[in-house]
Structure formats: C-alpha cells, structure tokens
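Below is one structure, written out as structure tokens; comments come after it.
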2 protein chains.
Amino acid sequence: MARTQGSHSASTGPKIRASAQRLFAQHGYAAVSMRQIAADVGVQAGALYNYIPDKQALLFELMKRHMDDLLAARCAQKPAESALAALEAFTRFHIGFHLDRPDAVFIAYMELRNLSDDNFAEIERLRTQYEGELTQILDHGLAERVFDMTDLKVATRAVIAMLTGVTTWYRDSGALSRSEVEDIYWQMVHNAVRLT
Amino acid sequence: MARTQGSHSASTGPKIRASAQRLFAQHGYAAVSMRQIAADVGVQAGALYNYIPDKQALLFELMKRHMDDLLAARCAQKPAESALAALEAFTRFHIGFHLDRPDAVFIAYMELRNLSDDNFAEIERLRTQYEGELTQILDHGLAERVFDMTDLKVATRAVIAMLTGVTTWYRDSGALSRSEVEDIYWQMVHNAVRLT
DNA sequence: GTTTTTTCTGAACGGATGTTCAGTTAACGT
DNA sequence: ACGTTAACTGAACATCCGTTCAGAAAAAAC
C-alpha cells in the first residue's frame with residue numbers, strides 16, 4: 001500500500017501539529033514517540049518527515065507559533081489611556097489568552113529544557129519581549145504615581161507567575177466563570193502594585 | 001569484575017537519589033535513562049536495582065521526600081500571634097525553603113504527569129495539605145478583618161503561584177539577596193490580600 | 001583463616017526509539 | 001485517457017530502553 005484515499009498535504013500538516021500538541025502536553029515531549037503522533041494522525045511514522053525535518057523542529061514550531069500568536073494578539077489590542085487601564089487590560093488579556101490554549105501554554109512552560117540551545121534562545125527572546133510589555137505598563141504606572149513597587153523586574157515576574165498559575169487549576173466546568181476569575185485576579189494584581 | 005573497592009550500601013543509596021534528582025531536574029524524568037543515572041553514581045545500571053524496585057519508584061521517592069520535608073519544616077515553625085504575622089512568616093518560609101531546593105522543586109512541579117495514578121494521588125494529597133496551611137492563614141485574616149479577598153481558594157493558589165515563581169529566575173549570584181527578595185514578595189503578597 | 005553475606009559487574013532480554021528510503025498508489029494537470 | 005507529481009506505506013537501520021540474573025569479588029562475621 002501507499003498513498004491513502006483523501007490524503008493531502010493541506011490537512012495532514014495541521015493534523016500533525018494538533019496531535020503533537022495534545023500528546024506533548026499530556027505526556028511530555030520526551031515521553032511521546034513519533035509513532036504515537038503518527039498513529040494519532042492516522043498515518044505511518046515515516047510520513048511525518050514529509051512535513052517536519054525532525055522531532056526537535058516539531059517541538060520548536062509549536063512553541064514558536066504559540067509565542068508569535070501571543071505577541072500578535074497582544075499587539076492587536078488597542079492601547080489604553082492610563083497605566084491603570086493598561087494593567088487591567090493586560091491582566092484580562094493574559095488570563096483569557098492562556099485559558100484558551102491550555103496545551104500550548106503547558107508546553108511553552110514545561111518543555112523549554114528539551115529545546116536545542118539555538119531554539120531555546122529564540123523562544124526565550126520572545127518570552128522576554130512579552131514580559132517587557134508588562135514591565136512597560138508598570139513603569140508608566142510608577143511615573144503616573146498610581147503604582148508603587150520596590151523592584152520593577154521582580155514585580156513583572158511575580159504578576160506573570162500569578163496570572164499564568166490560573167491555568168493549573170481553572171476548568172471551564174468549574175464553579176467560577178472566566179470573567180469572575182478575571183475580576184478576582186485583577187483585584188489582587190491591582191492591590192499588589194497600587195500606591196498606598 | 002564484580003564488587004568494587006569501598007562500595008557499601010550506606011553511601012550508594014543517597015548517591016543514587018542525588019544523581020537522579022539532579023538529572024531529572026535538568027533533563028526531565030522521561031529523558032534520563034537508568035544508565036545515565038548509574039554512570040553519574042559510578043556504577044553499572046543493574047546495581048541500581050539493589051536500591052529501588054524500578055524507575056517510577058525512584059521518581060516517587062524523590063517527590064515524596066520533598067513534600068514530607070516541606071510539611072515537616074512548615075510544622076516546625078512556631079505559630080504566629082496574628083494572621084498578618086502568620087502570612088509574613090509563611091511567605092518568607094516558602095521562598096527560603098524553595099530557593100534552598102531548586103532541583104526538588106522543579107521535579108515536584110514538572111514531573112507530576114509521569115507519576116502512576118496511585119503515586120500521583122499521594123503527592124497531590126500532600127500538596128493540598130500544604131495549600132491548606134495558607135488557606136487557613138488567609139481565613140483567619142478574614143475573621144480578624146485584616147485581609148479581604150473575593151475567593152479564598154483562588155487567593156491561596158494565586159499567592160502560592162506567585163511565590164513559587166521566584167524559583168524560575170532567582171540566582172544566588174544575582175543582584176538581589178534572599179532577604180531583599182523576601183521583602184519584595186512580602187510587600188506584594190500583603191498588598192494583594194490586605195483590607196483596603 | 002575460612003565461611004558467609006553484601007555489593008556490584010557484564011552480558012543478555014525483548015522491545016521501543018528516531019530516521020531513511022525504495023516502492024506504490026491516489027490525485028492532479030493536460 | 002494518460003503521464004506526472006504528491007502523499008504515503010512498510011520495512012529496515014543502528015541504537016537505546018528498563019530490567020533481570022548468574023557469577024565474581026570485596027567486606028563482614030566467626
């Protein structure tokens with residue numbers, strides 16, 4: 001046997017990424033074999049190599065796409081009029097974006113050590129760029145005298161860690177709606193950095 | 001060849017755990033082979049099985065010990081006189097304990113999905129127990145009217161995520177001392193939950 | 001000094017791993 | 001209708017995996 005019915009490049013490529021994303025998020029990059037991904041797509045392992053050079057490149061592409069999406073979505077937001085409004089918008093955006101992509105988020109945070117040195121550097125660059133968005137907001141808030149914090153960089157990381165943490169426990173089937181979760185986190189973020 | 005000079009059970013056991021902890025933290029459980037661990041200990045792979053039933057048990061033992069240490073160290077703290085003092089003590093304790101054990105912390109947060117169902121349930125139980133300590137403090141603060149928060153459980157998780165995040169960036173060789181980091185985080189945690 | 005026990009080696013087990021490739025077939029262009 | 005191309009199969013490659021075990025040697029017991 002060889003080429004199967006209804007097979008074409010346009011659908012297999014995305015299918016591979018979708019299967020890999022789900023499997024990597026569930027079991028981890030190192031624990032998932034190319035044969036498992038192929039089986040999930042409905043194809044033999046060799047066929048994967050028509051779409052990707054190797055397993056490492058598949059992981060990198062998933063993470064790169066996720067970071068590009070994140071930065072693009074962030075840039076698409078309309079600029080806020082004040083630092084306070086900007087921080088609220090960032091908080092709600094971050095929570096919403098991350099809850100929409102639990103698998104991609106999981107991979108982006110857990111599989112950094114499985115990237116080659118070059119690939120890691122690229123992802124880290126994008127991550128730092130995103131962090132910079134929040135740093136800028138907090139910095140503006142300092143200038144406007146509406147925020148107060150001892151260390152700008154530490155505050156940036158603390159806020160992002162707190163917000164990203166929502167993905168470890170939130171489930172759509174749970175008691176709280178997304179907007180309720182956003183409200184709760186926004187209150188805490190605001191209090192954490194507000195001028196008292 | 002067979003038994004080597006200076007070999008004895010009392011030192012090989014701890015060596016295995018130490019090597020496994022470092023390698024698991026660095027490359028991930030699934031990416032580290034028993035032969036790599038054995039080589040790091042200075043022994044052949046087969047010798048490991050005099051000390052552990054299998055690889056899974058090795059991972060579980062590392063995580064179980066970490067959680068037991070965490071809960072024991074927490075219980076050893078003297079009780080605080082107020083909710084505010086208790087939250088400050090918890091904040092400083094959590095940061096200090098976690099910065100002392102970067103490898104163990106990394107494993108405890110990253111390798112949960114590589115635990116068997118039974119082992120996962122046990123670790124999860126201990127993690128929930130630790131979370132409960134913070135929930136209790138926040139609850140007392142609500143009763144004392146010094147804290148205010150919309151959702152007790154969400155606040156617990158948000159604070160823990162923020163505090164644990166320190167392990168992802170802090171280095172002893174960096175610009176900030178540990179007590180400076182503790183001060184900064186304590187200020188943010190306090191503000192996040194204080195009554196306004 | 002001899003025997004017993006503990007600790008480890010080295011080889012082996014069946015199976016899984018990422019990746020390559022010649023060959024086969026479906027889909028497409030004309 | 002026919003030739004070309006794109007998509008995939010299935011087998012093979014060398015290498016690694018976790019785990020077992022008979023046997024050897026060092027340490028401990030007597």
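By order in the structure tokens, chains are A, B, ...; within a chain, residues start at 1; ligands start at 1, following the order shown.
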
Can you list, as a PyMOL selection string, every protein, DNA or RNA residue that comes within 12 Å of DA16 in chain C when you count only C-alpha atoms (C1' of nucleotides), leaving out same-chain residues fewer than 4 positions away? (chain A and resi 31-36) or (chain D and resi 15-18)

Go ahead and write the residues just picked, N, CA and C atoms (P, O5', C5', C4', C3', O3' and C1' of nucleotides), as a PDB file, in the first residue's frame.
```
ATOM      1  N   ALA A  31       8.483  11.750  26.328  1.00  0.00           N
ATOM      2  CA  ALA A  31       7.735  10.514  26.541  1.00  0.00           C
ATOM      3  C   ALA A  31       6.856  10.149  25.349  1.00  0.00           C
ATOM      4  N   VAL A  32       6.754  11.031  24.371  1.00  0.00           N
ATOM      5  CA  VAL A  32       5.908  10.774  23.207  1.00  0.00           C
ATOM      6  C   VAL A  32       6.776  10.388  22.012  1.00  0.00           C
ATOM      7  N   SER A  33       6.433   9.287  21.361  1.00  0.00           N
ATOM      8  CA  SER A  33       7.217   8.823  20.212  1.00  0.00           C
ATOM      9  C   SER A  33       6.596   9.309  18.914  1.00  0.00           C
ATOM     10  N   MET A  34       7.417   9.346  17.883  1.00  0.00           N
ATOM     11  CA  MET A  34       6.927   9.740  16.565  1.00  0.00           C
ATOM     12  C   MET A  34       5.840   8.782  16.095  1.00  0.00           C
ATOM     13  N   ARG A  35       5.950   7.533  16.477  1.00  0.00           N
ATOM     14  CA  ARG A  35       4.925   6.547  16.092  1.00  0.00           C
ATOM     15  C   ARG A  35       3.587   6.834  16.758  1.00  0.00           C
ATOM     16  N   GLN A  36       3.621   7.306  17.998  1.00  0.00           N
ATOM     17  CA  GLN A  36       2.381   7.690  18.682  1.00  0.00           C
ATOM     18  C   GLN A  36       1.706   8.863  17.980  1.00  0.00           C
TER      19      GLN A  36
ATOM     20  P    DT D  15      25.383   2.022  15.797  1.00  0.00           P
ATOM     21  O5'  DT D  15      24.357   2.479  16.933  1.00  0.00           O
ATOM     22  C5'  DT D  15      23.573   3.667  16.740  1.00  0.00           C
ATOM     23  C4'  DT D  15      22.524   3.762  17.816  1.00  0.00           C
ATOM     24  C3'  DT D  15      23.032   3.406  19.218  1.00  0.00           C
ATOM     25  O3'  DT D  15      22.796   4.500  20.077  1.00  0.00           O
ATOM     26  C1'  DT D  15      20.944   2.394  18.777  1.00  0.00           C
ATOM     27  P    DC D  16      23.513   4.647  21.488  1.00  0.00           P
ATOM     28  O5'  DC D  16      22.282   4.568  22.521  1.00  0.00           O
ATOM     29  C5'  DC D  16      21.209   5.500  22.419  1.00  0.00           C
ATOM     30  C4'  DC D  16      19.949   4.872  22.948  1.00  0.00           C
ATOM     31  C3'  DC D  16      20.023   4.436  24.408  1.00  0.00           C
ATOM     32  O3'  DC D  16      19.372   5.408  25.234  1.00  0.00           O
ATOM     33  C1'  DC D  16      18.846   2.855  23.018  1.00  0.00           C
ATOM     34  P    DC D  17      19.395   5.234  26.797  1.00  0.00           P
ATOM     35  O5'  DC D  17      18.082   4.387  27.126  1.00  0.00           O
ATOM     36  C5'  DC D  17      16.820   4.827  26.629  1.00  0.00           C
ATOM     37  C4'  DC D  17      15.758   3.791  26.980  1.00  0.00           C
ATOM     38  C3'  DC D  17      15.952   3.194  28.360  1.00  0.00           C
ATOM     39  O3'  DC D  17      15.284   4.022  29.295  1.00  0.00           O
ATOM     40  C1'  DC D  17      15.459   1.482  26.733  1.00  0.00           C
ATOM     41  P    DG D  18      15.669   3.899  30.837  1.00  0.00           P
ATOM     42  O5'  DG D  18      14.853   2.628  31.335  1.00  0.00           O
ATOM     43  C5'  DG D  18      13.434   2.636  31.242  1.00  0.00           C
ATOM     44  C4'  DG D  18      12.897   1.283  31.683  1.00  0.00           C
ATOM     45  C3'  DG D  18      13.251   0.884  33.113  1.00  0.00           C
ATOM     46  O3'  DG D  18      12.137   0.201  33.682  1.00  0.00           O
ATOM     47  C1'  DG D  18      14.179  -0.687  31.606  1.00  0.00           C
TER      48       DG D  18
END
```

Using only C-alpha atoms (C1' of nucleotides), I'd like a table of the residues in chain D that come within 9 Å of chain B; for each, show the closest atom pair and its distance in Å rounded to one decimal, ordered by chain and ascending number, as CSV.
```
residue,atom,partner,partner_atom,distance
D:DC17,C1',B:Ser33,CA,7.5
D:DG18,C1',B:Met34,CA,7.4
D:DT19,C1',B:Gly46,CA,7.9
D:DT20,C1',B:Gly46,CA,8.3
D:DG23,C1',B:Ala2,CA,8.5
D:DA24,C1',B:Ala2,CA,5.1
D:DA25,C1',B:Arg3,CA,5.2
D:DA26,C1',B:Arg3,CA,5.8
D:DA27,C1',B:His8,CA,8.7
```

With distances taken over only C-alpha atoms, the candidate from A:Asp172, A:Glu144, A:Asp100, A:Asp68 nearest Tyr130 in chain A is A:Asp68

Give as an MDAnalysis selection string every residue of chain A that touches chain B within 6 Å, counting only C-alpha atoms. chainID A and resid 30:31 158 161:162 165 188 191:192

Please find the residues of chain C near chain B - the criterion being any atom within 6 Å, counting only C-alpha atoms (C1' of nucleotides) - and write them as a list in words.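 Close enough to count are DT7, DC8 and DT9 of chain C.
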
Go ahead and align chain A to chain B (same sequence, so just pair every C-alpha in order, least squares) and export the moved chain as a PDB file with C-alpha atoms, in the first residue's frame.
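And here is the file that came out, out31.pdb:
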```
ATOM      1  CA  MET A   1      34.744  -7.928  37.998  1.00  0.00           C
ATOM      2  CA  ALA A   2      32.140  -7.471  40.674  1.00  0.00           C
ATOM      3  CA  ARG A   3      31.974  -5.640  43.974  1.00  0.00           C
ATOM      4  CA  THR A   4      34.225  -2.573  43.862  1.00  0.00           C
ATOM      5  CA  GLN A   5      36.500  -1.113  46.498  1.00  0.00           C
ATOM      6  CA  GLY A   6      34.877   1.057  49.147  1.00  0.00           C
ATOM      7  CA  SER A   7      31.392   0.123  48.045  1.00  0.00           C
ATOM      8  CA  HIS A   8      28.666   0.002  50.623  1.00  0.00           C
ATOM      9  CA  SER A   9      24.956   0.445  50.801  1.00  0.00           C
ATOM     10  CA  ALA A  10      24.943   3.415  53.140  1.00  0.00           C
ATOM     11  CA  SER A  11      26.545   5.733  50.593  1.00  0.00           C
ATOM     12  CA  THR A  12      25.226   4.343  47.308  1.00  0.00           C
ATOM     13  CA  GLY A  13      21.570   4.808  48.197  1.00  0.00           C
ATOM     14  CA  PRO A  14      21.816   8.570  48.827  1.00  0.00           C
ATOM     15  CA  LYS A  15      24.143   8.947  45.852  1.00  0.00           C
ATOM     16  CA  ILE A  16      21.511   7.441  43.588  1.00  0.00           C
ATOM     17  CA  ARG A  17      18.858   9.845  44.802  1.00  0.00           C
ATOM     18  CA  ALA A  18      21.214  12.805  44.487  1.00  0.00           C
ATOM     19  CA  SER A  19      22.203  11.917  40.934  1.00  0.00           C
ATOM     20  CA  ALA A  20      18.635  11.175  39.893  1.00  0.00           C
ATOM     21  CA  GLN A  21      17.406  14.446  41.375  1.00  0.00           C
ATOM     22  CA  ARG A  22      19.954  16.494  39.522  1.00  0.00           C
ATOM     23  CA  LEU A  23      19.491  14.679  36.229  1.00  0.00           C
ATOM     24  CA  PHE A  24      15.695  14.612  36.387  1.00  0.00           C
ATOM     25  CA  ALA A  25      15.641  18.344  37.143  1.00  0.00           C
ATOM     26  CA  GLN A  26      18.025  19.092  34.294  1.00  0.00           C
ATOM     27  CA  HIS A  27      16.683  16.903  31.498  1.00  0.00           C
ATOM     28  CA  GLY A  28      13.346  15.563  32.706  1.00  0.00           C
ATOM     29  CA  TYR A  29      12.334  12.152  33.996  1.00  0.00           C
ATOM     30  CA  ALA A  30      11.530  10.632  30.625  1.00  0.00           C
ATOM     31  CA  ALA A  31      14.720  11.903  29.022  1.00  0.00           C
ATOM     32  CA  VAL A  32      17.059  10.410  31.634  1.00  0.00           C
ATOM     33  CA  SER A  33      18.018   6.734  31.388  1.00  0.00           C
ATOM     34  CA  MET A  34      18.898   4.393  34.211  1.00  0.00           C
ATOM     35  CA  ARG A  35      22.327   4.027  32.617  1.00  0.00           C
ATOM     36  CA  GLN A  36      22.896   7.784  32.842  1.00  0.00           C
ATOM     37  CA  ILE A  37      22.000   7.784  36.525  1.00  0.00           C
ATOM     38  CA  ALA A  38      24.235   4.764  37.128  1.00  0.00           C
ATOM     39  CA  ALA A  39      27.139   6.397  35.302  1.00  0.00           C
ATOM     40  CA  ASP A  40      26.719   9.526  37.425  1.00  0.00           C
ATOM     41  CA  VAL A  41      26.800   7.434  40.591  1.00  0.00           C
ATOM     42  CA  GLY A  42      29.801   5.497  39.291  1.00  0.00           C
ATOM     43  CA  VAL A  43      28.147   2.136  39.023  1.00  0.00           C
ATOM     44  CA  GLN A  44      26.574  -0.190  36.470  1.00  0.00           C
ATOM     45  CA  ALA A  45      22.855   0.122  35.705  1.00  0.00           C
ATOM     46  CA  GLY A  46      21.973  -3.209  37.261  1.00  0.00           C
ATOM     47  CA  ALA A  47      23.286  -2.132  40.651  1.00  0.00           C
ATOM     48  CA  LEU A  48      20.563   0.488  40.958  1.00  0.00           C
ATOM     49  CA  TYR A  49      18.016  -2.267  41.402  1.00  0.00           C
ATOM     50  CA  ASN A  50      19.518  -3.223  44.755  1.00  0.00           C
ATOM     51  CA  TYR A  51      18.102   0.057  46.011  1.00  0.00           C
ATOM     52  CA  ILE A  52      14.941   0.737  44.064  1.00  0.00           C
ATOM     53  CA  PRO A  53      12.284  -1.551  42.566  1.00  0.00           C
ATOM     54  CA  ASP A  54      12.056   0.488  39.366  1.00  0.00           C
ATOM     55  CA  LYS A  55      12.462   3.925  37.780  1.00  0.00           C
ATOM     56  CA  GLN A  56       8.951   5.037  38.692  1.00  0.00           C
ATOM     57  CA  ALA A  57       9.584   4.329  42.376  1.00  0.00           C
ATOM     58  CA  LEU A  58      12.730   6.446  42.207  1.00  0.00           C
ATOM     59  CA  LEU A  59      10.783   9.435  40.923  1.00  0.00           C
ATOM     60  CA  PHE A  60       8.072   8.908  43.500  1.00  0.00           C
ATOM     61  CA  GLU A  61      10.543   8.673  46.358  1.00  0.00           C
ATOM     62  CA  LEU A  62      12.161  11.972  45.355  1.00  0.00           C
ATOM     63  CA  MET A  63       8.821  13.742  45.212  1.00  0.00           C
ATOM     64  CA  LYS A  64       7.505  12.127  48.389  1.00  0.00           C
ATOM     65  CA  ARG A  65      10.604  13.083  50.339  1.00  0.00           C
ATOM     66  CA  HIS A  66      10.388  16.621  49.083  1.00  0.00           C
ATOM     67  CA  MET A  67       6.768  17.005  50.134  1.00  0.00           C
ATOM     68  CA  ASP A  68       7.421  15.367  53.499  1.00  0.00           C
ATOM     69  CA  ASP A  69      10.353  17.702  54.087  1.00  0.00           C
ATOM     70  CA  LEU A  70       8.208  20.676  53.124  1.00  0.00           C
ATOM     71  CA  LEU A  71       5.394  19.775  55.486  1.00  0.00           C
ATOM     72  CA  ALA A  72       7.770  18.854  58.309  1.00  0.00           C
ATOM     73  CA  ALA A  73       9.668  22.121  57.988  1.00  0.00           C
ATOM     74  CA  ARG A  74       6.421  24.045  57.917  1.00  0.00           C
ATOM     75  CA  CYS A  75       5.159  22.273  61.059  1.00  0.00           C
ATOM     76  CA  ALA A  76       8.437  22.995  62.823  1.00  0.00           C
ATOM     77  CA  GLN A  77       7.792  26.723  62.580  1.00  0.00           C
ATOM     78  CA  LYS A  78       6.552  28.356  65.734  1.00  0.00           C
ATOM     79  CA  PRO A  79       2.937  29.535  65.439  1.00  0.00           C
ATOM     80  CA  ALA A  80       2.409  33.228  64.827  1.00  0.00           C
ATOM     81  CA  GLU A  81       0.395  35.523  67.036  1.00  0.00           C
ATOM     82  CA  SER A  82      -1.656  37.141  64.316  1.00  0.00           C
ATOM     83  CA  ALA A  83      -2.826  36.338  60.815  1.00  0.00           C
ATOM     84  CA  LEU A  84      -0.616  39.099  59.490  1.00  0.00           C
ATOM     85  CA  ALA A  85       2.483  37.693  61.202  1.00  0.00           C
ATOM     86  CA  ALA A  86       1.516  34.204  60.060  1.00  0.00           C
ATOM     87  CA  LEU A  87       1.244  35.276  56.423  1.00  0.00           C
ATOM     88  CA  GLU A  88       4.586  37.032  56.568  1.00  0.00           C
ATOM     89  CA  ALA A  89       6.192  33.965  58.138  1.00  0.00           C
ATOM     90  CA  PHE A  90       4.617  31.723  55.504  1.00  0.00           C
ATOM     91  CA  THR A  91       5.809  33.970  52.676  1.00  0.00           C
ATOM     92  CA  ARG A  92       9.385  34.050  53.913  1.00  0.00           C
ATOM     93  CA  PHE A  93       9.374  30.358  54.726  1.00  0.00           C
ATOM     94  CA  HIS A  94       8.046  29.367  51.309  1.00  0.00           C
ATOM     95  CA  ILE A  95      10.588  31.462  49.421  1.00  0.00           C
ATOM     96  CA  GLY A  96      13.500  30.322  51.565  1.00  0.00           C
ATOM     97  CA  PHE A  97      12.607  26.652  51.483  1.00  0.00           C
ATOM     98  CA  HIS A  98      12.098  26.643  47.718  1.00  0.00           C
ATOM     99  CA  LEU A  99      15.254  28.572  46.898  1.00  0.00           C
ATOM    100  CA  ASP A 100      17.221  26.043  48.950  1.00  0.00           C
ATOM    101  CA  ARG A 101      15.983  23.129  46.801  1.00  0.00           C
ATOM    102  CA  PRO A 102      15.702  24.237  43.197  1.00  0.00           C
ATOM    103  CA  ASP A 103      16.048  20.727  41.769  1.00  0.00           C
ATOM    104  CA  ALA A 104      13.473  19.137  44.057  1.00  0.00           C
ATOM    105  CA  VAL A 105      11.040  21.982  43.409  1.00  0.00           C
ATOM    106  CA  PHE A 106      11.491  21.693  39.680  1.00  0.00           C
ATOM    107  CA  ILE A 107      10.760  17.984  39.759  1.00  0.00           C
ATOM    108  CA  ALA A 108       7.779  18.376  42.076  1.00  0.00           C
ATOM    109  CA  TYR A 109       6.153  20.788  39.647  1.00  0.00           C
ATOM    110  CA  MET A 110       7.194  19.324  36.310  1.00  0.00           C
ATOM    111  CA  GLU A 111       7.018  15.589  36.691  1.00  0.00           C
ATOM    112  CA  LEU A 112       3.545  15.130  38.159  1.00  0.00           C
ATOM    113  CA  ARG A 113       2.321  13.702  34.868  1.00  0.00           C
ATOM    114  CA  ASN A 114       4.994  11.009  34.921  1.00  0.00           C
ATOM    115  CA  LEU A 115       3.700   9.564  38.179  1.00  0.00           C
ATOM    116  CA  SER A 116       1.499   6.503  38.167  1.00  0.00           C
ATOM    117  CA  ASP A 117      -2.097   7.150  39.208  1.00  0.00           C
ATOM    118  CA  ASP A 118      -1.576   5.948  42.774  1.00  0.00           C
ATOM    119  CA  ASN A 119       1.641   7.865  43.242  1.00  0.00           C
ATOM    120  CA  PHE A 120       0.096  10.994  41.787  1.00  0.00           C
ATOM    121  CA  ALA A 121      -2.806  10.791  44.211  1.00  0.00           C
ATOM    122  CA  GLU A 122      -0.426  10.606  47.163  1.00  0.00           C
ATOM    123  CA  ILE A 123       1.673  13.597  46.061  1.00  0.00           C
ATOM    124  CA  GLU A 124      -1.437  15.582  45.250  1.00  0.00           C
ATOM    125  CA  ARG A 125      -2.752  14.847  48.732  1.00  0.00           C
ATOM    126  CA  LEU A 126       0.389  16.295  50.315  1.00  0.00           C
ATOM    127  CA  ARG A 127       0.317  19.302  48.032  1.00  0.00           C
ATOM    128  CA  THR A 128      -3.273  20.035  48.980  1.00  0.00           C
ATOM    129  CA  GLN A 129      -2.343  19.679  52.621  1.00  0.00           C
ATOM    130  CA  TYR A 130       0.353  22.322  52.226  1.00  0.00           C
ATOM    131  CA  GLU A 131      -2.021  24.627  50.379  1.00  0.00           C
ATOM    132  CA  GLY A 132      -4.405  24.217  53.307  1.00  0.00           C
ATOM    133  CA  GLU A 133      -1.862  25.842  55.603  1.00  0.00           C
ATOM    134  CA  LEU A 134      -2.019  29.041  53.594  1.00  0.00           C
ATOM    135  CA  THR A 135      -5.790  28.872  53.219  1.00  0.00           C
ATOM    136  CA  GLN A 136      -6.094  28.698  56.988  1.00  0.00           C
ATOM    137  CA  ILE A 137      -3.921  31.768  57.454  1.00  0.00           C
ATOM    138  CA  LEU A 138      -5.926  33.763  54.929  1.00  0.00           C
ATOM    139  CA  ASP A 139      -9.147  32.599  56.565  1.00  0.00           C
ATOM    140  CA  HIS A 140      -7.969  33.772  59.980  1.00  0.00           C
ATOM    141  CA  GLY A 141      -7.081  37.107  58.434  1.00  0.00           C
ATOM    142  CA  LEU A 142     -10.613  37.423  57.109  1.00  0.00           C
ATOM    143  CA  ALA A 143     -11.995  36.750  60.580  1.00  0.00           C
ATOM    144  CA  GLU A 144      -9.603  39.276  62.106  1.00  0.00           C
ATOM    145  CA  ARG A 145     -10.674  41.807  59.456  1.00  0.00           C
ATOM    146  CA  VAL A 146      -7.115  42.444  58.333  1.00  0.00           C
ATOM    147  CA  PHE A 147      -7.442  40.624  54.956  1.00  0.00           C
ATOM    148  CA  ASP A 148     -10.023  40.915  52.242  1.00  0.00           C
ATOM    149  CA  MET A 149     -10.455  38.712  49.193  1.00  0.00           C
ATOM    150  CA  THR A 150     -13.230  37.613  46.883  1.00  0.00           C
ATOM    151  CA  ASP A 151     -12.375  33.916  46.857  1.00  0.00           C
ATOM    152  CA  LEU A 152     -10.304  32.152  49.480  1.00  0.00           C
ATOM    153  CA  LYS A 153      -9.225  29.211  47.327  1.00  0.00           C
ATOM    154  CA  VAL A 154      -8.298  31.335  44.344  1.00  0.00           C
ATOM    155  CA  ALA A 155      -6.311  33.679  46.560  1.00  0.00           C
ATOM    156  CA  THR A 156      -4.465  30.688  48.025  1.00  0.00           C
ATOM    157  CA  ARG A 157      -3.449  29.438  44.616  1.00  0.00           C
ATOM    158  CA  ALA A 158      -2.580  32.881  43.325  1.00  0.00           C
ATOM    159  CA  VAL A 159      -0.251  33.574  46.247  1.00  0.00           C
ATOM    160  CA  ILE A 160       1.449  30.189  45.988  1.00  0.00           C
ATOM    161  CA  ALA A 161       1.912  30.556  42.230  1.00  0.00           C
ATOM    162  CA  MET A 162       3.435  33.978  42.716  1.00  0.00           C
ATOM    163  CA  LEU A 163       5.797  32.799  45.444  1.00  0.00           C
ATOM    164  CA  THR A 164       6.867  29.605  43.713  1.00  0.00           C
ATOM    165  CA  GLY A 165       7.571  31.635  40.588  1.00  0.00           C
ATOM    166  CA  VAL A 166      10.635  33.042  42.309  1.00  0.00           C
ATOM    167  CA  THR A 167      12.467  29.779  41.637  1.00  0.00           C
ATOM    168  CA  THR A 168      12.288  30.336  37.882  1.00  0.00           C
ATOM    169  CA  TRP A 169      14.479  33.417  37.915  1.00  0.00           C
ATOM    170  CA  TYR A 170      16.311  33.835  41.246  1.00  0.00           C
ATOM    171  CA  ARG A 171      20.016  33.053  41.301  1.00  0.00           C
ATOM    172  CA  ASP A 172      22.257  33.443  44.333  1.00  0.00           C
ATOM    173  CA  SER A 173      24.768  35.188  42.086  1.00  0.00           C
ATOM    174  CA  GLY A 174      22.224  37.818  41.067  1.00  0.00           C
ATOM    175  CA  ALA A 175      21.813  41.410  42.198  1.00  0.00           C
ATOM    176  CA  LEU A 176      19.242  40.777  44.938  1.00  0.00           C
ATOM    177  CA  SER A 177      19.872  39.017  48.234  1.00  0.00           C
ATOM    178  CA  ARG A 178      17.410  36.470  49.530  1.00  0.00           C
ATOM    179  CA  SER A 179      16.109  38.748  52.243  1.00  0.00           C
ATOM    180  CA  GLU A 180      15.583  41.514  49.695  1.00  0.00           C
ATOM    181  CA  VAL A 181      13.568  39.131  47.555  1.00  0.00           C
ATOM    182  CA  GLU A 182      11.581  38.064  50.604  1.00  0.00           C
ATOM    183  CA  ASP A 183      10.870  41.701  51.436  1.00  0.00           C
ATOM    184  CA  ILE A 184       9.677  42.479  47.924  1.00  0.00           C
ATOM    185  CA  TYR A 185       7.405  39.467  47.706  1.00  0.00           C
ATOM    186  CA  TRP A 186       6.064  40.009  51.199  1.00  0.00           C
ATOM    187  CA  GLN A 187       5.065  43.539  50.299  1.00  0.00           C
ATOM    188  CA  MET A 188       3.215  42.342  47.198  1.00  0.00           C
ATOM    189  CA  VAL A 189       1.539  39.422  48.939  1.00  0.00           C
ATOM    190  CA  HIS A 190       0.467  41.648  51.796  1.00  0.00           C
ATOM    191  CA  ASN A 191      -0.963  44.268  49.465  1.00  0.00           C
ATOM    192  CA  ALA A 192      -2.715  41.663  47.337  1.00  0.00           C
ATOM    193  CA  VAL A 193      -4.845  40.423  50.245  1.00  0.00           C
ATOM    194  CA  ARG A 194      -4.922  43.357  52.690  1.00  0.00           C
ATOM    195  CA  LEU A 195      -8.145  45.035  53.696  1.00  0.00           C
ATOM    196  CA  THR A 196      -8.381  48.422  51.968  1.00  0.00           C
TER     197      THR A 196
END
```

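C1' of DC2 in chain D is positioned 27.5 Å from C1' of DC21 in chain C.
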
Please identify the alpha helix (DSSP H) residues within range 137-188 of chain B (assignment by DSSP from backbone atoms) and present them as a ChimeraX atom specification. /B:137-143,152-164,178-188

As an exercise, work out the distance from C1' of DA27 in chain C to C1' of DT5 in chain D in Å and give it to one decimal place.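 Here the two named atoms are 8.8 Å from each other.
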
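Coordinates place C1' of DT4 in chain D at a distance of 16.3 Å from C1' of DG23 in chain C.
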